[in-house]
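Colleague: Got a structure for you, written out below as structure tokens; questions coming shortly.
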Amino acid sequence: MKGAGKTRYVHKILLAAATAVGMLLGAQAVADVDNASLNNEKDGTDWGAFGRTFSEQRFSPLDQINKQTVSKLGLAWSLELPDVWNVSSAPVEVDGVIYIAVGFSVIYAVDAVSGKQLWSYDPRVAPEKMRMAWGIRGLSFWKGKVIAGVQDGRLFALDAKSGTLLWQTQTIEPGDNRYITGAPRVFNGKVIIGHGGADFGHVRGYVTAYDAETGKQDWRWYIVPGDPAKGFENKAMEMAAKTWKGEWWKYGGGGTAWNAMTYDPELNRVYIGTGNGGPWNAKLRSPGGGDNLFLCSVVALDADTGEYIWHYQTNPGESWDFNSTMDMVLATITIDGKPRKVILHAPKNGFFYVIDRDTGKLISAEKLGKVTWADHIDMATGRPVENPGIRYEDGEALMWPGSGGLHNWQPMSYSPDTGLTYIPAHEMAGYYNDKGIDPKTYDMERDGPMGIHAFYDDVPKSAGSSSLLAWNPSTQKKAWEIPLPGATNGGVMSTHGGLVFQGQSDGRFVARDDTSGAVLWSADMGVGTQAPPITYSVGGKQYVSILAGWAGGQMLLGSLSAQHGWVGRDHPRRLLTYVLDGNAALPPSPPPSQPVPVDDPAFVVDAAQAAKGRELYQHCLICHGTAAVAGGFAPDLRASQIPLNEAAFAAVVHGGLQARGMPPFPELTDEQLGDLRHYIRQQARYKPTIGEQIGTIWHFLMLMLKMKLMAWGWIKP
């Protein structure tokens, strides 16, 4: 053996030895996840990105698990995550290793076959950023690196083999209201990330692209214009400023892109789904009207430079938190007998949009379900035809959907096999009230960052419903729809095996027939979930994995969220993996339960203090639920012994419990803590009278009737 042949032989020996050593150490070689692999729709071996490939279709070509074999699907292994408070996140899998980002962006690498934890990394979020307790929703992978964002605005990269930090960079300004909850996207050696925060104060949205090897900033694109007196960053911002009125820049404007960013390798563009206005209320944000570009839009940018190409705005001058930050799926579908390269988009507002990827022209738009804020989309202009009264012209409005949207962040899936899009849908009204808030005197700090009055009442479990909706984007018609438990359920995945997988809020993991929605298989997860599943192949076997655990932004809706009986600190957070003929036992978990309020009869509630405590409780609402009725994410304060003890309550509120996701609030005074305790005790004792219940129902019925009459033109707004 001579020359090149000998060299190849030695190389094979060394490669085999390295592989063997890696297996002994519990690590595996890391694939070249790059543009080529992320653009490969036919190879389902790995799930290397949030949506598997650049198209974000969340469709796998694997079919070992199919309609005929799925009945044999069983648990391969489970990994308990007891120290993590939120697992509403999408895993990725590369070369037999699963990577998850959970809680405050704690990263785990897990062997996909055995479930053995290989390493973990905790970026340790800054305490002041724990208050936006949404948790991270995903991560990215690129050429041997795991890349994720942190709620405090950092973006970091880890060595995928060891978990060693390679680089990190700060993407936001010190002391601002921005934070990261979404998964970054990687392409062309760049990683792009946005942020949230427009609901919590002065924020001007932007997206930023960084070098994936070094973390150095490449380009940044602002979503809304800043102060005209300071000049504009580009012509797009100059154009956008003409669609705003007043002094919007004093409030930030909003437009945060916290979730959806899709790269198009054919056109070398990145599509950005942008967010709501800041404040929500357009009468305050931009008095005198205007479309307020680029709020609630799909924007196409040049992937290399970040230069603006085109946009389509789903809600001009939006006033309802109607984000367009829901996933944007790339597909080629048949329309009028011809193939069209399109974006499929189902934002919060309840319409399903089909948009031409090249031009940004709207091809079609139809209602997915109950939508009362608009009659239809005018195809000549692409603009919604709004119903009268929805902009709460006389101070209040009730409409469908509300700020939770008909489709939220939980990702949908498109199957090229069936031509259907599978959407985790939900139906719930929105109530908006800005009575007494004057645009001339509005103060964001005093009157609230959203520009409408806070909602203080409990949300009953009958207030919302959910479904899995199969939608044909070519015909813009429903193929089938299956009612689901509760108000929100997990993201969706479809496969070439003819299956649609989804984790449900009732604790079931379900596989359905992709043509009918019929249940073909289900398994008990021991707890509900909002997370989407993934599938991949290792050693010739197809696996399916999902994170299960009850937490996330939809948990703040009081009794509506609490109806399933999951309690975040009592019920498990776990990573579950399934395989054909799997026979592992699911670890036990407590049965569902409902909190029982506790009380101290000697505690005399002061009504004035309780009223002040109700206002202060807005600090607590996201985690502990509206009206102090916990949705299962954090403990129900009515049932907790801690607020009964003045010293214990002060210690927890001032110091926080970071390991459990509880942020510190050192700025609250002892007097304010007392006000909160009075409010909590009031809520623990509260039982609505029949008259109060009838009065509330009557008020909303009259409001609905009024809006109907305005829509029919019988009365004026």
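Numbering starts fresh at 1 for the residues of each chain in the structure tokens, the chains themselves are lettered A, B, ... in the order given, and ligands are numbered from 1 as they appear.
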Skipping near chain neighbours, those fewer than 3 positions away, what residues fall within 7 Å of region 219-236 of chain A using only C-alpha atoms, listed as a list in words?

Modeller: Arg204, Gly205, Tyr206, Val207, Thr208, Ala209, Met239, Ala240, Ala241, Trp249, Gly253, Gly255, Leu293, Phe294, Thr305, Gly306 and Tyr308 of chain A

Colleague: Restricted to N, CA, C and O atoms, what would the selected residues look like written as a PDB file, in the first residue's frame?

Modeller:
ATOM      1  N   ARG A 204     -38.164  50.438  20.829  1.00  0.00           N
ATOM      2  CA  ARG A 204     -38.167  50.546  19.367  1.00  0.00           C
ATOM      3  C   ARG A 204     -37.582  49.247  18.824  1.00  0.00           C
ATOM      4  O   ARG A 204     -36.422  48.927  19.064  1.00  0.00           O
ATOM      5  N   GLY A 205     -38.382  48.489  18.093  1.00  0.00           N
ATOM      6  CA  GLY A 205     -37.973  47.159  17.670  1.00  0.00           C
ATOM      7  C   GLY A 205     -36.889  47.157  16.604  1.00  0.00           C
ATOM      8  O   GLY A 205     -36.791  48.074  15.788  1.00  0.00           O
ATOM      9  N   TYR A 206     -36.070  46.091  16.614  1.00  0.00           N
ATOM     10  CA  TYR A 206     -35.083  45.873  15.562  1.00  0.00           C
ATOM     11  C   TYR A 206     -34.706  44.404  15.506  1.00  0.00           C
ATOM     12  O   TYR A 206     -34.978  43.633  16.426  1.00  0.00           O
ATOM     13  N   VAL A 207     -34.076  44.014  14.401  1.00  0.00           N
ATOM     14  CA  VAL A 207     -33.440  42.703  14.281  1.00  0.00           C
ATOM     15  C   VAL A 207     -31.972  42.950  13.953  1.00  0.00           C
ATOM     16  O   VAL A 207     -31.619  43.939  13.314  1.00  0.00           O
ATOM     17  N   THR A 208     -31.110  42.012  14.397  1.00  0.00           N
ATOM     18  CA  THR A 208     -29.674  42.173  14.203  1.00  0.00           C
ATOM     19  C   THR A 208     -29.075  40.870  13.712  1.00  0.00           C
ATOM     20  O   THR A 208     -29.423  39.795  14.206  1.00  0.00           O
ATOM     21  N   ALA A 209     -28.179  40.970  12.736  1.00  0.00           N
ATOM     22  CA  ALA A 209     -27.443  39.812  12.232  1.00  0.00           C
ATOM     23  C   ALA A 209     -26.008  39.878  12.741  1.00  0.00           C
ATOM     24  O   ALA A 209     -25.365  40.936  12.686  1.00  0.00           O
ATOM     25  N   MET A 239     -39.268  56.406   4.680  1.00  0.00           N
ATOM     26  CA  MET A 239     -40.585  56.107   4.120  1.00  0.00           C
ATOM     27  C   MET A 239     -41.578  55.787   5.228  1.00  0.00           C
ATOM     28  O   MET A 239     -42.713  56.277   5.238  1.00  0.00           O
ATOM     29  N   ALA A 240     -41.156  54.981   6.198  1.00  0.00           N
ATOM     30  CA  ALA A 240     -42.057  54.570   7.274  1.00  0.00           C
ATOM     31  C   ALA A 240     -42.506  55.757   8.112  1.00  0.00           C
ATOM     32  O   ALA A 240     -43.668  55.813   8.560  1.00  0.00           O
ATOM     33  N   ALA A 241     -41.622  56.721   8.336  1.00  0.00           N
ATOM     34  CA  ALA A 241     -41.950  57.867   9.182  1.00  0.00           C
ATOM     35  C   ALA A 241     -43.134  58.660   8.644  1.00  0.00           C
ATOM     36  O   ALA A 241     -43.860  59.305   9.414  1.00  0.00           O
ATOM     37  N   TRP A 249     -41.913  58.519  18.729  1.00  0.00           N
ATOM     38  CA  TRP A 249     -40.608  58.038  19.179  1.00  0.00           C
ATOM     39  C   TRP A 249     -40.438  58.180  20.697  1.00  0.00           C
ATOM     40  O   TRP A 249     -39.620  57.485  21.287  1.00  0.00           O
ATOM     41  N   GLY A 253     -42.561  53.086  19.988  1.00  0.00           N
ATOM     42  CA  GLY A 253     -43.241  52.667  18.764  1.00  0.00           C
ATOM     43  C   GLY A 253     -43.525  51.193  18.688  1.00  0.00           C
ATOM     44  O   GLY A 253     -44.481  50.757  18.075  1.00  0.00           O
ATOM     45  N   GLY A 255     -43.111  47.261  17.524  1.00  0.00           N
ATOM     46  CA  GLY A 255     -42.705  46.531  16.327  1.00  0.00           C
ATOM     47  C   GLY A 255     -41.709  45.417  16.578  1.00  0.00           C
ATOM     48  O   GLY A 255     -40.997  45.000  15.663  1.00  0.00           O
ATOM     49  N   LEU A 293     -45.952  51.969   9.742  1.00  0.00           N
ATOM     50  CA  LEU A 293     -45.002  50.963   9.268  1.00  0.00           C
ATOM     51  C   LEU A 293     -43.781  50.924  10.179  1.00  0.00           C
ATOM     52  O   LEU A 293     -43.357  51.947  10.707  1.00  0.00           O
ATOM     53  N   PHE A 294     -43.211  49.722  10.424  1.00  0.00           N
ATOM     54  CA  PHE A 294     -43.577  48.436   9.842  1.00  0.00           C
ATOM     55  C   PHE A 294     -44.186  47.527  10.905  1.00  0.00           C
ATOM     56  O   PHE A 294     -43.813  46.366  11.021  1.00  0.00           O
ATOM     57  N   THR A 305     -27.115  42.121   3.475  1.00  0.00           N
ATOM     58  CA  THR A 305     -26.933  43.512   3.883  1.00  0.00           C
ATOM     59  C   THR A 305     -27.988  44.029   4.849  1.00  0.00           C
ATOM     60  O   THR A 305     -27.794  45.073   5.478  1.00  0.00           O
ATOM     61  N   GLY A 306     -29.133  43.339   4.944  1.00  0.00           N
ATOM     62  CA  GLY A 306     -30.231  43.838   5.750  1.00  0.00           C
ATOM     63  C   GLY A 306     -31.019  44.939   5.074  1.00  0.00           C
ATOM     64  O   GLY A 306     -31.882  45.577   5.699  1.00  0.00           O
ATOM     65  N   TYR A 308     -33.857  46.781   2.991  1.00  0.00           N
ATOM     66  CA  TYR A 308     -35.288  46.572   2.775  1.00  0.00           C
ATOM     67  C   TYR A 308     -35.575  46.240   1.305  1.00  0.00           C
ATOM     68  O   TYR A 308     -35.031  46.875   0.395  1.00  0.00           O
TER      69      TYR A 308
END

Colleague: Could you tell me how far CA of His624 (chain A) sits from CA of Asn645 (chain A), in Å to one decimal place?

Modeller: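 Distance between the two atoms: 18.1 Å.
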
Colleague: Within 8 Å of Asn86 (chain A), counting only C-alpha atoms, which residues qualify if same-chain residues fewer than 3 places away don't, as a list of chain:residue names?

Modeller: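 Here the answer would be A:Val102, A:Gly103, A:Trp134, A:Gly135, A:Gly549, A:Trp550, A:Ala551, A:Gly552, A:Arg573.
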
Colleague: Tell me, in Å to one decimal, how far CA of Ser413 (chain A) is from CA of Phe59 (chain A).

Modeller: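 Interatomic distance, CA of Ser413 (chain A) to CA of Phe59 (chain A): 6.4 Å.
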
Colleague: Going by DSSP on the backbone, which residues of region 143-267 of chain A come out as strand (DSSP E)? List them as a ChimeraX atom specification.

Modeller: /A:145-149,154-159,165-170,185-187,190-193,206-211,217-222,253-254,261-264

Colleague: Write the residues of the preceding selection, restricted to N, CA and C atoms, as a CSV table (one decimal), in the first residue's frame.

Modeller:
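That gives us again.csv:
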chain,number,residue,atom,x,y,z
A,145,LYS,N,-21.7,24.4,16.5
A,145,LYS,CA,-22.0,25.3,17.5
A,145,LYS,C,-23.5,25.4,17.9
A,146,VAL,N,-23.8,25.4,19.2
A,146,VAL,CA,-25.2,25.6,19.6
A,146,VAL,C,-25.3,27.1,19.9
A,147,ILE,N,-26.3,27.8,19.4
A,147,ILE,CA,-26.5,29.2,19.5
A,147,ILE,C,-27.9,29.5,20.1
A,148,ALA,N,-27.9,30.4,21.1
A,148,ALA,CA,-29.2,30.7,21.8
A,148,ALA,C,-29.1,32.1,22.3
A,149,GLY,N,-30.3,32.7,22.5
A,149,GLY,CA,-30.4,34.0,23.2
A,149,GLY,C,-30.8,33.8,24.6
A,154,ARG,N,-28.5,38.8,25.9
A,154,ARG,CA,-27.3,38.2,25.3
A,154,ARG,C,-27.6,37.2,24.2
A,155,LEU,N,-26.7,37.0,23.3
A,155,LEU,CA,-26.6,36.0,22.3
A,155,LEU,C,-25.3,35.2,22.5
A,156,PHE,N,-25.3,33.9,22.6
A,156,PHE,CA,-24.1,33.2,22.8
A,156,PHE,C,-24.0,31.9,22.0
A,157,ALA,N,-22.8,31.4,21.8
A,157,ALA,CA,-22.5,30.2,21.1
A,157,ALA,C,-21.7,29.3,22.0
A,158,LEU,N,-22.0,28.0,21.9
A,158,LEU,CA,-21.3,27.0,22.7
A,158,LEU,C,-20.8,25.9,21.7
A,159,ASP,N,-19.6,25.3,22.1
A,159,ASP,CA,-19.1,24.2,21.4
A,159,ASP,C,-20.1,23.0,21.6
A,165,LEU,N,-18.3,27.7,26.3
A,165,LEU,CA,-18.7,29.0,25.7
A,165,LEU,C,-17.6,29.4,24.7
A,166,LEU,N,-18.1,29.7,23.5
A,166,LEU,CA,-17.2,30.2,22.4
A,166,LEU,C,-17.2,31.7,22.3
A,167,TRP,N,-18.4,32.3,22.3
A,167,TRP,CA,-18.5,33.7,22.3
A,167,TRP,C,-19.9,34.1,22.8
A,168,GLN,N,-20.0,35.4,23.2
A,168,GLN,CA,-21.3,35.9,23.6
A,168,GLN,C,-21.3,37.4,23.3
A,169,THR,N,-22.4,38.0,23.0
A,169,THR,CA,-22.5,39.4,22.7
A,169,THR,C,-23.8,39.9,23.2
A,170,GLN,N,-23.8,41.2,23.6
A,170,GLN,CA,-25.0,41.8,24.1
A,170,GLN,C,-25.8,42.5,22.9
A,185,ARG,N,-32.1,32.4,14.2
A,185,ARG,CA,-32.0,31.6,12.9
A,185,ARG,C,-30.6,31.9,12.3
A,186,VAL,N,-30.1,30.8,11.7
A,186,VAL,CA,-28.7,30.9,11.2
A,186,VAL,C,-28.7,30.6,9.7
A,187,PHE,N,-27.9,31.4,8.9
A,187,PHE,CA,-27.9,31.2,7.5
A,187,PHE,C,-26.6,32.0,7.0
A,190,LYS,N,-24.3,33.7,9.2
A,190,LYS,CA,-24.9,34.7,10.0
A,190,LYS,C,-25.9,34.1,11.0
A,191,VAL,N,-26.1,34.8,12.1
A,191,VAL,CA,-27.2,34.4,13.0
A,191,VAL,C,-28.0,35.7,13.3
A,192,ILE,N,-29.3,35.6,13.1
A,192,ILE,CA,-30.2,36.7,13.3
A,192,ILE,C,-31.1,36.5,14.5
A,193,ILE,N,-31.3,37.6,15.2
A,193,ILE,CA,-32.1,37.6,16.4
A,193,ILE,C,-32.8,38.9,16.6
A,206,TYR,N,-36.1,46.1,16.6
A,206,TYR,CA,-35.1,45.9,15.6
A,206,TYR,C,-34.7,44.4,15.5
A,207,VAL,N,-34.1,44.0,14.4
A,207,VAL,CA,-33.4,42.7,14.3
A,207,VAL,C,-32.0,42.9,14.0
A,208,THR,N,-31.1,42.0,14.4
A,208,THR,CA,-29.7,42.2,14.2
A,208,THR,C,-29.1,40.9,13.7
A,209,ALA,N,-28.2,41.0,12.7
A,209,ALA,CA,-27.4,39.8,12.2
A,209,ALA,C,-26.0,39.9,12.7
A,210,TYR,N,-25.5,38.7,13.2
A,210,TYR,CA,-24.2,38.6,13.8
A,210,TYR,C,-23.4,37.5,13.0
A,211,ASP,N,-22.1,37.6,13.1
A,211,ASP,CA,-21.2,36.6,12.5
A,211,ASP,C,-21.3,35.4,13.4
A,217,GLN,N,-21.2,42.0,15.3
A,217,GLN,CA,-22.4,42.5,14.6
A,217,GLN,C,-22.1,42.7,13.1
A,218,ASP,N,-23.0,42.2,12.2
A,218,ASP,CA,-22.9,42.4,10.8
A,218,ASP,C,-23.8,43.6,10.3
A,219,TRP,N,-25.1,43.4,10.6
A,219,TRP,CA,-26.0,44.5,10.3
A,219,TRP,C,-27.2,44.5,11.2
A,220,ARG,N,-27.9,45.7,11.3
A,220,ARG,CA,-29.1,45.8,12.1
A,220,ARG,C,-30.1,46.6,11.3
A,221,TRP,N,-31.4,46.2,11.5
A,221,TRP,CA,-32.5,46.8,10.8
A,221,TRP,C,-33.6,47.2,11.8
A,222,TYR,N,-33.9,48.5,11.9
A,222,TYR,CA,-34.9,48.9,12.8
A,222,TYR,C,-36.3,48.7,12.1
A,253,GLY,N,-42.6,53.1,20.0
A,253,GLY,CA,-43.2,52.7,18.8
A,253,GLY,C,-43.5,51.2,18.7
A,254,GLY,N,-42.6,50.4,19.3
A,254,GLY,CA,-42.9,48.9,19.3
A,254,GLY,C,-42.3,48.2,18.0
A,261,MET,N,-38.6,34.5,12.0
A,261,MET,CA,-37.7,35.0,11.0
A,261,MET,C,-37.3,33.8,10.1
A,262,THR,N,-37.6,33.9,8.8
A,262,THR,CA,-37.4,32.8,7.9
A,262,THR,C,-36.5,33.2,6.8
A,263,TYR,N,-35.5,32.3,6.6
A,263,TYR,CA,-34.5,32.6,5.5
A,263,TYR,C,-35.0,31.9,4.2
A,264,ASP,N,-34.9,32.6,3.1
A,264,ASP,CA,-35.2,32.0,1.8
A,264,ASP,C,-33.9,31.8,1.0

Colleague: Give me, as a ChimeraX atom specification, all polymer residues having an atom no more than 7 Å from Thr495 (chain A), counting only C-alpha atoms and skipping those fewer than 5 positions away in the same chain.

Modeller: /A:59-63,500

Colleague: Could you please take those selected residues and save C-alpha atoms as a PDB file, in the first residue's frame?

Modeller:
ATOM      1  CA  PHE A  59     -42.389  18.421   8.083  1.00  0.00           C
ATOM      2  CA  SER A  60     -40.173  15.331   8.185  1.00  0.00           C
ATOM      3  CA  PRO A  61     -39.663  12.960   5.221  1.00  0.00           C
ATOM      4  CA  LEU A  62     -39.183  10.059   7.654  1.00  0.00           C
ATOM      5  CA  ASP A  63     -41.831   7.337   7.439  1.00  0.00           C
ATOM      6  CA  VAL A 500     -49.569  14.872  12.591  1.00  0.00           C
TER       7      VAL A 500
END

Colleague: Fewer than 5 positions away in the same chain doesn't count, so skip those; otherwise give me all residues within 6 Å of region 309-320 of chain A, counting only C-alpha atoms, as a PyMOL selection string.

Modeller: chain A and resi 280-282+290-292+296-301+403

Colleague: Using C-alpha atoms, can you write the selected residues to a file as a PDB file, in the first residue's frame?

Modeller:
ATOM      1  CA  TRP A 280     -50.986  49.130  21.752  1.00  0.00           C
ATOM      2  CA  ASN A 281     -53.410  52.034  21.558  1.00  0.00           C
ATOM      3  CA  ALA A 282     -52.893  53.761  18.199  1.00  0.00           C
ATOM      4  CA  GLY A 290     -51.449  56.477   9.928  1.00  0.00           C
ATOM      5  CA  ASP A 291     -50.482  52.924   9.000  1.00  0.00           C
ATOM      6  CA  ASN A 292     -47.469  52.953  11.340  1.00  0.00           C
ATOM      7  CA  CYS A 296     -47.601  43.902  12.246  1.00  0.00           C
ATOM      8  CA  SER A 297     -45.992  43.171   8.899  1.00  0.00           C
ATOM      9  CA  VAL A 298     -44.038  40.629   6.919  1.00  0.00           C
ATOM     10  CA  VAL A 299     -40.856  42.394   5.781  1.00  0.00           C
ATOM     11  CA  ALA A 300     -38.360  41.029   3.239  1.00  0.00           C
ATOM     12  CA  LEU A 301     -34.727  42.013   3.757  1.00  0.00           C
ATOM     13  CA  SER A 403     -54.711  39.718  21.984  1.00  0.00           C
TER      14      SER A 403
END

Colleague: For CA of Tyr179 (chain A) and CA of Ala198 (chain A), quote the distance in Å rounded to one decimal.

Modeller: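 Distance reported for this atom pair: 9.7 Å.
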
Colleague: DSSP on the backbone, alpha helix (DSSP H) only: what residues of region 618-684 of chain A does that give? Format it as a PyMOL selection string.

Modeller: chain A and resi 621-624+646-655+670-684

Colleague: Give me the residues near region 528-531 of chain A as a VMD selection string, where near means some atom within 9 Å (using only C-alpha atoms) and where sequence neighbours in that chain fewer than 2 positions away do not count.

Modeller: chain A and resid 87 to 90 137 410 to 411 488 to 492 502 to 509 525 to 526 533 546 to 552 554 564 566

Colleague: Those same residues - N, CA and C atoms - I'd like them written as a compact mmCIF listing (two decimals), in the first residue's frame.

Modeller:
# COMPACT_ATOMS: atom_id res chain seq x y z
N VAL A 87 -40.43 24.72 30.13
CA VAL A 87 -39.90 23.92 29.02
C VAL A 87 -40.75 24.08 27.77
N SER A 88 -41.38 25.23 27.61
CA SER A 88 -42.16 25.50 26.39
C SER A 88 -41.19 25.87 25.27
N SER A 89 -40.49 24.88 24.74
CA SER A 89 -39.37 25.12 23.85
C SER A 89 -39.26 24.02 22.82
N ALA A 90 -38.65 24.35 21.67
CA ALA A 90 -38.47 23.39 20.58
C ALA A 90 -37.04 22.87 20.59
N ARG A 137 -37.79 29.88 23.90
CA ARG A 137 -38.63 28.98 23.10
C ARG A 137 -37.84 28.12 22.11
N GLN A 410 -47.07 29.03 19.08
CA GLN A 410 -46.94 27.59 18.92
C GLN A 410 -46.97 27.27 17.42
N PRO A 411 -45.88 26.70 16.87
CA PRO A 411 -45.74 26.64 15.41
C PRO A 411 -46.69 25.68 14.73
N THR A 488 -55.30 26.46 24.96
CA THR A 488 -54.06 26.45 24.18
C THR A 488 -53.44 25.07 24.22
N ASN A 489 -52.82 24.67 23.12
CA ASN A 489 -52.12 23.40 23.04
C ASN A 489 -50.79 23.60 22.35
N GLY A 490 -50.02 22.52 22.22
CA GLY A 490 -48.66 22.64 21.73
C GLY A 490 -48.55 22.83 20.23
N GLY A 491 -47.32 23.11 19.79
CA GLY A 491 -47.02 23.23 18.37
C GLY A 491 -47.15 21.89 17.66
N VAL A 492 -47.05 21.92 16.32
CA VAL A 492 -47.42 20.78 15.48
C VAL A 492 -46.24 20.34 14.62
N GLN A 502 -48.86 16.19 18.02
CA GLN A 502 -49.07 17.39 18.83
C GLN A 502 -49.19 17.01 20.30
N GLY A 503 -48.53 17.77 21.17
CA GLY A 503 -48.72 17.64 22.60
C GLY A 503 -49.89 18.50 23.03
N GLN A 504 -50.71 17.99 23.94
CA GLN A 504 -51.93 18.69 24.33
C GLN A 504 -51.86 19.19 25.77
N SER A 505 -52.78 20.12 26.07
CA SER A 505 -52.83 20.70 27.41
C SER A 505 -53.36 19.73 28.45
N ASP A 506 -54.01 18.65 28.03
CA ASP A 506 -54.53 17.67 28.99
C ASP A 506 -53.51 16.60 29.34
N GLY A 507 -52.28 16.72 28.84
CA GLY A 507 -51.24 15.77 29.17
C GLY A 507 -51.10 14.61 28.20
N ARG A 508 -51.81 14.65 27.07
CA ARG A 508 -51.71 13.59 26.07
C ARG A 508 -50.81 14.03 24.92
N PHE A 509 -49.99 13.11 24.44
CA PHE A 509 -49.20 13.30 23.22
C PHE A 509 -49.87 12.47 22.15
N MET A 525 -48.23 11.94 28.99
CA MET A 525 -46.96 12.60 29.30
C MET A 525 -46.82 12.92 30.78
N GLY A 526 -47.89 12.79 31.53
CA GLY A 526 -47.86 13.10 32.95
C GLY A 526 -48.07 14.57 33.25
N PRO A 533 -43.15 19.05 18.96
CA PRO A 533 -42.29 17.87 18.88
C PRO A 533 -41.33 17.93 17.70
N ILE A 546 -40.32 15.24 22.57
CA ILE A 546 -41.10 16.42 22.93
C ILE A 546 -40.79 16.81 24.37
N LEU A 547 -40.78 18.10 24.65
CA LEU A 547 -40.66 18.61 26.01
C LEU A 547 -42.06 18.77 26.59
N ALA A 548 -42.24 18.30 27.82
CA ALA A 548 -43.55 18.39 28.48
C ALA A 548 -43.40 19.11 29.81
N GLY A 549 -44.29 20.04 30.06
CA GLY A 549 -44.27 20.80 31.30
C GLY A 549 -45.20 22.00 31.17
N TRP A 550 -45.81 22.40 32.26
CA TRP A 550 -46.86 23.42 32.19
C TRP A 550 -46.31 24.78 32.55
N ALA A 551 -46.07 25.61 31.54
CA ALA A 551 -45.59 26.97 31.76
C ALA A 551 -45.64 27.71 30.45
N GLY A 552 -45.47 29.02 30.51
CA GLY A 552 -45.46 29.82 29.30
C GLY A 552 -46.41 31.00 29.40
N GLN A 554 -49.16 31.79 28.06
CA GLN A 554 -50.61 31.58 28.09
C GLN A 554 -51.09 31.15 29.47
N HIS A 564 -56.86 22.51 33.82
CA HIS A 564 -56.35 21.15 33.67
C HIS A 564 -55.75 20.60 34.97
N TRP A 566 -52.78 21.37 36.33
CA TRP A 566 -51.32 21.28 36.40
C TRP A 566 -50.78 22.43 37.24

Colleague: In terms of the shortest atom-to-atom distance over only C-alpha atoms, which of A:Ala425, A:Leu616, A:Val371, A:Leu621 is closest to Trp409 (chain A)?

Modeller: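 Of A:Ala425, A:Leu616, A:Val371, A:Leu621, the one nearest Trp409 (chain A), counting only C-alpha atoms, is A:Ala425.
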
Colleague: Considering only C-alpha atoms, return as a count of residues only whatever protein or nucleic-acid residues lie within 10 Å of Pro82 (chain A), sequence-local ones (same chain, fewer than 5 positions apart) excluded.

Modeller: 7

Colleague: Find, counting only C-alpha atoms, the residue in A:Ser516, A:Asn583, A:Ser559, A:Ser522 that gets nearest to Ala463 (chain A).

Modeller: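 Selected residue with least distance to Ala463 (chain A): A:Ser559.
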
Colleague: Which residue gives the smallest distance to His195 (chain A) among A:Pro265, A:Gly273, A:Ala518, A:Trp244, with only C-alpha atoms counted?

Modeller: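 Checking each of A:Pro265, A:Gly273, A:Ala518, A:Trp244 against His195 (chain A), counting only C-alpha atoms, the winner is A:Gly273.
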
Colleague: Of the candidates A:Asp336, A:Glu173, A:Asp375, A:Glu445, which shows the shortest atom-to-atom distance to Asn387 (chain A), using only C-alpha atoms?

Modeller: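 Under the stated criterion, the closest residue is A:Asp375.
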